[in-house]
Structures are given as C-alpha cells and as structure tokens.
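Here is the structure we will look at, set down as structure tokens.
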Amino acid sequence: MIGSIVMALLAAYVMLFRPIGELDGGAHIMLGAVILALCIWIFKPFKLTYAIGGLVLALAGLVVGLQPTVIFSGFTQTALWTLVPAFFFGYTLQKTELGKRVAMGVIRLCRPSYLSIIFAWVPIGILLSILTPATTVRIAIMLPIAVQCCEIFKLEKGSRGNSLILLTAFAMALIPGSGWLTGVIWGPFIQGQMYSAGIIVTFEDWLSVLLVPVIIATILLVAGGLLFLKPEDAISKENFEAVKSQPLKKMSRAEIVSATILILVFILSLTYSMHGLSTAIVCIAAMIAFFVFGVLETKDFNSAANWNLVIFIAMAFSLGPIFNVTGISDWLSGIVVPALSPVAGNPWIFVFSVMAFMFLWSLVDVAMFLPTISIMAPILPGIYEAYNINPLVWIAIFILAGSAFFLAYQNMWAVMSRSIAEDRAWTHKHQRTYGILYFTACMVAMFIAIPMWISQGLF
C-alpha cells in the first residue's frame, strides 16, 4: 500500500507541477499516466488488473490529444498476434491432457533415484516449451505432477528432498524455454517492444544470443540444486514404482492432432530463413487449425485467451510510439545513456554490472519485468548509437534477470507454484538458496556468453 501511495503522489506531482523542462504539458500528463500504470502493474492497488493499467494509458493519451493510431498501435503489431495464439496452445495442452502425457511419459523412463527424477524435469520443461510459450500452463501441468510424486514418495513436508523436486519442476517450467523466441511468453512481448523501437528481432536472433547461456544456466542450476539441497534420504524403489504405474489413457485423436500442429509451429519458426513465413503467420494458422480439426470448439474461444493480459501487453507495446511522439524517449535517453558511461566501454564490466543491477531491480518490478522492458526498449537505439551495444544483449539480460526468484513475492510463477503445492510447498529458506544458485548460474554463464557475443559483433 505504501508503494502505491508513493507512486500515486509522484504521478500527481508530475501532472500538476510539470517539473521537467524538456517536456510540455501533454508529455507530463502522459508521464504521470505511465507512473500510475506502473503502480497498478507492480502493486495492484484495490486489486486492479493489468488491463486497467493499460486503460489508464489509453485514457491519458486521448485526453492529451494523441492520435488513436499511436495510442493503440500495440494492437496492430504482429508480435501481439503471436502472443494470442500462444494462449490457445497452452489451453489445448491442458484440455487434451497432452501436457500431462508428455510429463508422465518422461518420468516413466526414470530410475528410482533423486538424480534421475531431478534430471527428468529438464526434458519435460524443454518439450512443453516447444509445444507452448505459456509458462503459466507449464507450471499448471508440471507442479501438480511434482506434488503427486512427493506424496507418493512419502517425502517429509519441508524436507530438502521435497523442496528440491518442486523447485526443479518450477525452474524447468520457467528457464529452458527462454532459449528460443517461442519458448517463453516474453518472446512475443520483447519482439513487439523492439519493433516499436525500430529493432527487428527474429527467431534466429533470439536463438543466437540466448540459447547457449540458458543451456549453461540450466545445467548449473540443476547440478547446484542436487549439491546444495541434497535430500536427507533416498527414494524407495517401491514408492518410485507407484509413480510410474500411474495409469495413462490411450492417446486420443485430439492429442495426436495437437502434438502434430504444435511441433510444426516450432519447426516452421526455427526454419524461417527457408520459407519466409513470420512467427505470427505460423501461430495464427495453427490456432485456426485447432478449430478446423475439432480440437477446440467455439465455446473455447473465450476460455483459452487471457484477454486481460492481452490488453495489458497491447498497451505496453504502445509505450514506445507514445514515448517517441511526446518526447519522453529523448528525455529518458538523456538520463540513462550518460548513466551507463562508466561501464559501457568494456563488455565484461557492462554485462556483469548491469546483470547484477537487474537482478536486484527484479525485487522491485514484480510484474514479470514487463514494465522495465517497456520503458527501456525505446531507449536501446540511443544506447546502441552511443556505445555500440547491440539491443540483443539487453534481451538476454532482461530474460535471465526477469526469471529471478530470491524471495516469495518476487516471481509470479513461483507464487503460483507455491499456491498449487499448498502445504507441501518448498520452504522460504530453500527458495532463497535455489534463487541464489540461479543467480550464480547466470553469472557463470556470462563467462561463455560474453566472448560469444563479442565474436558475433554485438559489442
């Protein structure tokens, strides 16, 4: 509540007293509206939704006389129409139970040991990331299975073994898919924000800058979890066999059709340079195919998509054009670009210092890091012009830091996972340990990523 009051008062001060000489009255009103939107997105006062923050921006833009084509430009971006089908992909995985089949199929291949079950979450996370970029859906599929495993294994609540299984399932639902553009919900969002700033980000661009550090961070995190959250007792073979014997229905036609369509989406996204079809075209075609082949029905249309999040993201996409028209981008660039001067001259110093700052900043921006990305994206061309730091480097920093989970409130998917696990959830102490392990894994990954980025000409 205190944070909401402070931000609301700051917004009122900016609107009424217009303290920034470089901005006119309309720009001050828009800046105040941005602060109010950030307040809603981060603190959710009065339980206001993400969409309400977006509508605050729309109302302010109309009041100051901005063109509707600027205010609502986010709704016309192809990145948004990559995001909307993504919700349908996730819904399909849940409706057909294809996601559960994938997860249980991998677990059935495991041996009765913590090492085997922990490493099983990695391919499960990867396979589900290929099928849908919706992290929320992956959490909804993987965490109940992880909880079921802990219960059948008869693990003590609050034990390291219990926490390790749940934390690994959560992390593997979140992290591996970050390596490619369609593997995480941030992909279409960042692609749209970059496009608004005049930067084109393709599937191949994303893959080239993020796949290697994500692989390294994933491996180190899983290994670190086994080392620093080493379970107290071994899993009994009898209890493990009880998990593997869980019944699975015969694969249905809907599952086969869904798997075929979703795998084709990933392959076509990966081979863009060969056929020239954008990710948006591929995703929309796949969404239509679900209805044509009867996997989804008309009644599923409103159930599948999170329209609250769609409005929020569309209006966040509009921030770039709004900032440019009102002059806010130039004003922000005049602050941020000089502030980076002490670290921008050396790639190593720049990456490690900015990465550390962003991990700390994630304690403040708990709205999936989307407000931070929205504000920074319009400034990235100025940073590139001043220091020759390619915006692709920033994508990697945003994604890795945005997944941080040091504290319970910090990561919405961690909160969701704890809610699913209920009284069997991991302890706060174990989450802090695992969160520090993730931070360390990301920093170590930079020792490989920075030379790779330098060789790619990103600095």
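Quick note on naming: the chains in the structure tokens go A, B, ... in the order shown, residues restart at 1 in each chain, and ligands are numbered from 1 in order of appearance.
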
Report the closest atom pair, with its distance in Å rounded to one decimal, for each residue of range 177-262 of chain A that has an atom no farther than 12 Å from range 290-297 of chain A; count only C-alpha atoms, sort by chain and then rising residue number, and write it as CSV.
```
residue,atom,partner,partner_atom,distance
A:Ser252,CA,A:Val295,CA,10.5
A:Arg253,CA,A:Val295,CA,8.6
A:Ala254,CA,A:Val295,CA,5.4
A:Glu255,CA,A:Val295,CA,8.3
A:Ile256,CA,A:Val295,CA,9.9
A:Val257,CA,A:Val295,CA,7.6
A:Ser258,CA,A:Phe290,CA,7.2
A:Ala259,CA,A:Phe290,CA,10.7
A:Thr260,CA,A:Phe290,CA,10.7
A:Ile261,CA,A:Phe290,CA,8.0
A:Leu262,CA,A:Phe290,CA,9.9
```

Quiz item: In range 199-445 of chain A, what's helix (DSSP H, G or I) per DSSP? Answer as number ranges by chain?
Solution: A: 203-228, 237-244, 253-270, 272-275, 279-292, 300-304, 307-317, 319-326, 328-339, 341-344, 347-361, 370-387, 391-402, 412-424, 428-445

Self-check item: Residues near range 394-396 of chain A, cut-off 8 Å, only C-alpha atoms, skip fewer than 2 positions along chain, as a PyMOL selection string
Solution: chain A and resi 190+209-210+390-392+398-400

Write the residues you've just listed into a file as a compact mmCIF listing (two decimals), in the first residue's frame, and include all heavy atoms for each of them.
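selection_25.txt written:
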```txt
# COMPACT_ATOMS: atom_id res chain seq x y z
N ILE A 190 8.79 -9.00 -26.05
CA ILE A 190 10.02 -8.27 -26.35
C ILE A 190 10.14 -8.01 -27.84
O ILE A 190 10.59 -6.93 -28.27
CB ILE A 190 11.24 -9.04 -25.82
CG1 ILE A 190 11.24 -9.03 -24.29
CG2 ILE A 190 12.55 -8.47 -26.36
CD1 ILE A 190 12.40 -9.74 -23.65
N VAL A 209 21.60 -15.48 -29.39
CA VAL A 209 22.10 -14.75 -28.23
C VAL A 209 21.75 -15.42 -26.90
O VAL A 209 22.46 -15.26 -25.90
CB VAL A 209 21.58 -13.29 -28.24
CG1 VAL A 209 20.12 -13.23 -27.82
CG2 VAL A 209 22.41 -12.39 -27.36
N LEU A 210 20.68 -16.21 -26.86
CA LEU A 210 20.21 -16.73 -25.57
C LEU A 210 20.35 -18.23 -25.37
O LEU A 210 20.43 -18.69 -24.23
CB LEU A 210 18.73 -16.35 -25.39
CG LEU A 210 18.48 -15.13 -24.49
CD1 LEU A 210 17.05 -14.63 -24.63
CD2 LEU A 210 18.77 -15.46 -23.05
N ASN A 390 24.67 -3.80 -28.89
CA ASN A 390 23.52 -4.27 -29.63
C ASN A 390 22.34 -4.56 -28.69
O ASN A 390 22.54 -5.16 -27.62
CB ASN A 390 23.88 -5.54 -30.41
CG ASN A 390 22.86 -5.89 -31.46
OD1 ASN A 390 21.72 -6.21 -31.16
ND2 ASN A 390 23.28 -5.84 -32.73
N PRO A 391 21.12 -4.15 -29.06
CA PRO A 391 19.95 -4.43 -28.21
C PRO A 391 19.75 -5.91 -27.89
O PRO A 391 19.10 -6.24 -26.88
CB PRO A 391 18.79 -3.88 -29.04
CG PRO A 391 19.39 -2.79 -29.85
CD PRO A 391 20.78 -3.28 -30.20
N LEU A 392 20.28 -6.82 -28.72
CA LEU A 392 20.12 -8.25 -28.43
C LEU A 392 20.75 -8.63 -27.09
O LEU A 392 20.28 -9.54 -26.40
CB LEU A 392 20.74 -9.09 -29.56
CG LEU A 392 20.04 -9.04 -30.92
CD1 LEU A 392 20.82 -9.86 -31.94
CD2 LEU A 392 18.60 -9.53 -30.82
N PHE A 398 17.51 -8.99 -19.78
CA PHE A 398 16.12 -8.91 -19.33
C PHE A 398 15.55 -10.28 -18.98
O PHE A 398 14.92 -10.47 -17.94
CB PHE A 398 15.23 -8.29 -20.42
CG PHE A 398 15.47 -6.83 -20.68
CD1 PHE A 398 15.27 -6.30 -21.94
CD2 PHE A 398 15.89 -5.98 -19.67
CE1 PHE A 398 15.49 -4.95 -22.20
CE2 PHE A 398 16.11 -4.63 -19.90
CZ PHE A 398 15.90 -4.11 -21.18
N ILE A 399 15.78 -11.25 -19.86
CA ILE A 399 15.20 -12.57 -19.69
C ILE A 399 15.79 -13.28 -18.47
O ILE A 399 15.06 -13.84 -17.63
CB ILE A 399 15.40 -13.43 -20.95
CG1 ILE A 399 14.59 -12.86 -22.11
CG2 ILE A 399 14.99 -14.87 -20.69
CD1 ILE A 399 13.10 -12.85 -21.89
N LEU A 400 17.11 -13.29 -18.38
CA LEU A 400 17.76 -14.01 -17.27
C LEU A 400 17.42 -13.37 -15.93
O LEU A 400 17.09 -14.07 -14.97
CB LEU A 400 19.27 -14.04 -17.49
CG LEU A 400 19.74 -14.86 -18.70
CD1 LEU A 400 21.25 -14.70 -18.91
CD2 LEU A 400 19.38 -16.33 -18.55
```

Quiz item: Taking into account only C-alpha atoms, which residue in the set A:Leu340, A:Met172, A:Val147, A:Val325 is nearest to Ile71 in chain A?
Solution: A:Val325

Quiz item: CA of Gly457 in chain A and CA of Ile200 in chain A are how many Å apart?
Solution: 16.4 Å

Self-check item: Given only C-alpha atoms as the counted atoms, nearest of A:Phe119, A:Trp41, A:Phe301, A:Trp206 to Pro85 in chain A
Solution: A:Phe301

Exercise. Might you pull out every residue within 9 Å of Met194 in chain A, with only C-alpha atoms counted and same-chain residues fewer than 4 positions away left off, and present them as a count of residues only?
Key: 11

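Here CA of Val6 in chain A and CA of Ser329 in chain A stand 23.4 Å from one another.
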
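Using only C-alpha atoms, the nearest neighbour of Ala79 in chain A within the list A:Ile40, A:Ile397, A:Val282, A:Ile52 is A:Val282.
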
Practice problem: Using only C-alpha atoms, determine which residues lie at most 9 Å from Val106 in chain A, disregarding the query and same-chain residues fewer than 2 positions distant; provide the list as a PyMOL selection string. | Solution: chain A and resi 101-104+108-110+120-121+123-124

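Using only C-alpha atoms, the residues found no farther than 8 Å from range 224-226 of chain A, other than those of its own chain fewer than 2 positions away, are A:Leu115, A:Leu164, A:Thr168, A:Leu220, A:Leu221, A:Val222, A:Phe228, A:Leu229, A:Lys230, A:Pro231, A:Tyr434, A:Leu437.
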
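Shortest separation to Leu80 in chain A among A:Leu268, A:Ile263, A:Ser196, A:Ile216 occurs at residue A:Ser196, atoms counted being only C-alpha atoms.
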